[in-house]
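Single-structure report; data block below.
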Amino acid sequence: MTDYDTVSADVEHEEEIPEDHPRYQDLLTRHRIEKGVEKGITHLQGMHAEGRGSAFDYLLGEETIPSADAAERAAAAHLLLADHPVLSINGNVAALVPGEMADLAAATGADLEVNLFNRTPERIGAIAAHLREHGAEDVKGLEADARIPNLDHQRAKVDEDGIYAADVVLVPLEDGDRAEALNEMGKTEIVIDLNPLSRSPRVAEVPIVDNIIRAVPNMTDHAHELADADEAELQRVIDEFDREAALEDAENRIRSGL
Ligand code: ATP
């Protein structure tokens, strides 16, 4: 029998966390964020974001609820139908799912772009290197030669041939101001956020209320399943998704536990 009391989030390697631990995903997530901070990938603020997410995930039952699965399928269809899809990477995303984001980019033909709230050349460089170590081929976000309108200077920086030109953007764990500004640019926004009341999922065309650790591999699975679908079928998957119902469903689940 595993002595769970001896397992702390303070393990050196994630393999030391027993997979049958009742809070396995939470410990794994915390561990990856701590390592991200140590490696200079994740800002200390990312720990607070992680704490908020963890509380919502606990209330969701730490599983992908059916409405989130439908959102992940619709998101995969959007990415496959897009002319220029881009997946945005911040410090928490890079720490939690670097290889999984590279896999999703490969499965959908999307670009990866580093985009930070607390932007320094060191962090951008560390994240780009970390993504490449995990299989990413091309990483955008280093040029930062365009600006999102109506946002303060630092947070507005994007690549002209990346997020600026994208028609569909995946912005996981995004702050509300940037999500709103991207929405005003007319982009189709897919947001992953465990808090259904947060502004970012509220402005998204596809709000995914799920832990990014589960959501991204599931989107990749859906993208593989839909790889041979024609445009009409992809459009049908998109049209069948009801964003209001998905947000309501997630909120009900969190409030009632049912
Ligand atoms: P907003 O600015 O949108 O009103 P906020 O200030 O609470 O929201 P941020 O700190 O900018 O949000 O972003 C963190 C968000 O990411 C939180 O809503 C949190 O629930 C969510 N989050 C944190 N970790 C995860 C995770 N592993 N998977 C999905 N969502 C997460």
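Just so we're on the same page: first chain in the structure tokens is A, next is B, and so on; residues restart at 1 for each chain, and ligands are numbered from 1 in the order they show up.
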Spatial neighbours of stretch 102-105 of chain A, max dist 12 Å, only C-alpha atoms, sep filter under 3 positions, as a ChimeraX atom specification
/A:72,75-76,79-80,84-89,93-94,97-99,108-113,128,130-139,169-170,215-224
DSSP on the backbone: which residues in stretch 68-202 of chain A end up as helix (DSSP H, G or I)? Give the answer as JSON, numbers by chain.
{"A": [68, 69, 70, 71, 72, 73, 74, 75, 76, 77, 78, 79, 80, 81, 91, 92, 93, 94, 95, 96, 98, 99, 100, 101, 102, 103, 104, 105, 106, 107, 108, 121, 122, 123, 124, 125, 126, 127, 128, 129, 130, 131, 132, 133, 153, 154, 155, 156, 163, 164, 165, 176, 177, 178, 179, 180, 181, 182, 183, 184, 199, 200, 201, 202]}
List all protein, DNA and RNA residues that have any atom at most 9 Å from ligand 1, counting only C-alpha atoms and all ligand atoms, and write the list as a ChimeraX atom specification.
/A:26,29-30,45-57,92-93,96,117,172-179,192-202,208-215
For stretch 69-170 of chain A against stretch 237-249 of chain A, with a cut-off of 10 Å and counting only C-alpha atoms, what is the closest atom pair and its distance in Å to one decimal for every residue that makes the cut, ordered by chain and number, as a tab-separated table?
residue	atom	partner	partner_atom	distance
A:Asp69	CA	A:Ala246	CA	9.8
A:Ala70	CA	A:Phe241	CA	6.6
A:Ala71	CA	A:Phe241	CA	6.6
A:Glu72	CA	A:Phe241	CA	9.7
A:Arg73	CA	A:Val237	CA	7.3
A:Ala74	CA	A:Ile238	CA	4.9
A:Ala75	CA	A:Ile238	CA	7.7
A:Ala76	CA	A:Ile238	CA	9.1
A:Ala77	CA	A:Ile238	CA	6.5
A:His78	CA	A:Ile238	CA	6.9
A:Leu81	CA	A:Ile238	CA	9.9
Just to be explicit: take each residue in the selection above, keep N, CA, C and O atoms, and write the result as a CSV table (one decimal), in the first residue's frame.
chain,number,residue,atom,x,y,z
A,69,ASP,N,-15.3,17.9,-23.3
A,69,ASP,CA,-14.8,17.0,-24.4
A,69,ASP,C,-15.4,17.5,-25.8
A,69,ASP,O,-14.7,17.6,-26.8
A,70,ALA,N,-16.7,17.9,-25.7
A,70,ALA,CA,-17.3,18.5,-27.0
A,70,ALA,C,-16.6,19.7,-27.4
A,70,ALA,O,-16.4,20.0,-28.6
A,71,ALA,N,-16.2,20.6,-26.4
A,71,ALA,CA,-15.5,21.8,-26.7
A,71,ALA,C,-14.1,21.5,-27.3
A,71,ALA,O,-13.7,22.1,-28.3
A,72,GLU,N,-13.5,20.4,-26.8
A,72,GLU,CA,-12.1,20.1,-27.3
A,72,GLU,C,-12.2,19.5,-28.7
A,72,GLU,O,-11.4,19.8,-29.6
A,73,ARG,N,-13.3,18.8,-29.0
A,73,ARG,CA,-13.6,18.4,-30.4
A,73,ARG,C,-13.8,19.5,-31.4
A,73,ARG,O,-13.3,19.6,-32.4
A,74,ALA,N,-14.7,20.5,-30.9
A,74,ALA,CA,-14.9,21.7,-31.7
A,74,ALA,C,-13.7,22.5,-31.9
A,74,ALA,O,-13.4,23.0,-33.0
A,75,ALA,N,-12.8,22.6,-30.9
A,75,ALA,CA,-11.6,23.3,-31.0
A,75,ALA,C,-10.7,22.7,-32.0
A,75,ALA,O,-10.0,23.3,-32.9
A,76,ALA,N,-10.6,21.3,-32.0
A,76,ALA,CA,-9.8,20.6,-33.0
A,76,ALA,C,-10.3,20.9,-34.4
A,76,ALA,O,-9.5,21.1,-35.3
A,77,ALA,N,-11.6,20.9,-34.6
A,77,ALA,CA,-12.2,21.2,-35.9
A,77,ALA,C,-11.8,22.6,-36.4
A,77,ALA,O,-11.5,22.8,-37.5
A,78,HIS,N,-11.9,23.6,-35.5
A,78,HIS,CA,-11.6,25.0,-35.8
A,78,HIS,C,-10.1,25.0,-36.3
A,78,HIS,O,-9.8,25.7,-37.3
A,81,LEU,N,-9.7,23.6,-39.7
A,81,LEU,CA,-10.3,24.4,-40.8
A,81,LEU,C,-9.6,25.7,-41.0
A,81,LEU,O,-9.8,26.3,-42.0
Mind checking which residues fall within 8 Å of A:Asn118, counting only C-alpha atoms, ignoring those fewer than 4 positions away in the same chain, and posting them as a short mmCIF file (atom, residue, chain, number, x, y, z; two decimals) with N, CA, C and O atoms, in the first residue's frame?
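Below is the file part_34.cif, written as the result:
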data_model
loop_
_atom_site.label_atom_id
_atom_site.label_comp_id
_atom_site.auth_asym_id
_atom_site.auth_seq_id
_atom_site.Cartn_x
_atom_site.Cartn_y
_atom_site.Cartn_z
N HIS A 43 6.85 32.46 -14.34
CA HIS A 43 6.95 33.57 -13.38
C HIS A 43 6.32 33.12 -12.06
O HIS A 43 5.42 32.26 -12.06
N GLN A 154 3.66 46.11 -23.21
CA GLN A 154 4.32 44.81 -22.99
C GLN A 154 3.45 43.63 -23.41
O GLN A 154 3.90 42.71 -24.07
N ARG A 155 2.19 43.68 -23.00
CA ARG A 155 1.30 42.55 -23.28
C ARG A 155 0.82 42.52 -24.72
O ARG A 155 0.25 41.53 -25.18
#
For a test of reading the model, state the distance in Å between atom CA of A:Val114 and atom CA of A:Glu180, rounded to one decimal.
18.4 Å
Could you give me, as a list in words, each residue of stretch 3-171 of chain A that DSSP assigns to strand (DSSP E or B) when run on this structure's backbone?
Pro85, Val86, Leu87, Ser88, Ile89, Asp111, Leu112, Glu113, Val114, Val139, Lys140, Ala146, Arg147, Lys157, Val158, Val168, Val169, Leu170 and Val171 of chain A
Take atom CA of A:Ala107 and atom CA of A:Leu226 and report the distance between them in Å, one decimal.
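Distance reported for this atom pair: 10.1 Å.
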As an exercise, work out the distance from atom CA of A:Tyr24 to atom CA of A:Tyr58 in Å and give it to one decimal place.
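Pair atom CA of A:Tyr24 / atom CA of A:Tyr58 returns 11.6 Å.
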Return the single residue from A:Ala181, A:Ile127, A:Ile163, A:Ile17 that is closest to A:Asn150, with distances computed using only C-alpha atoms.
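Of all the options, A:Ala181 lies closest to A:Asn150.
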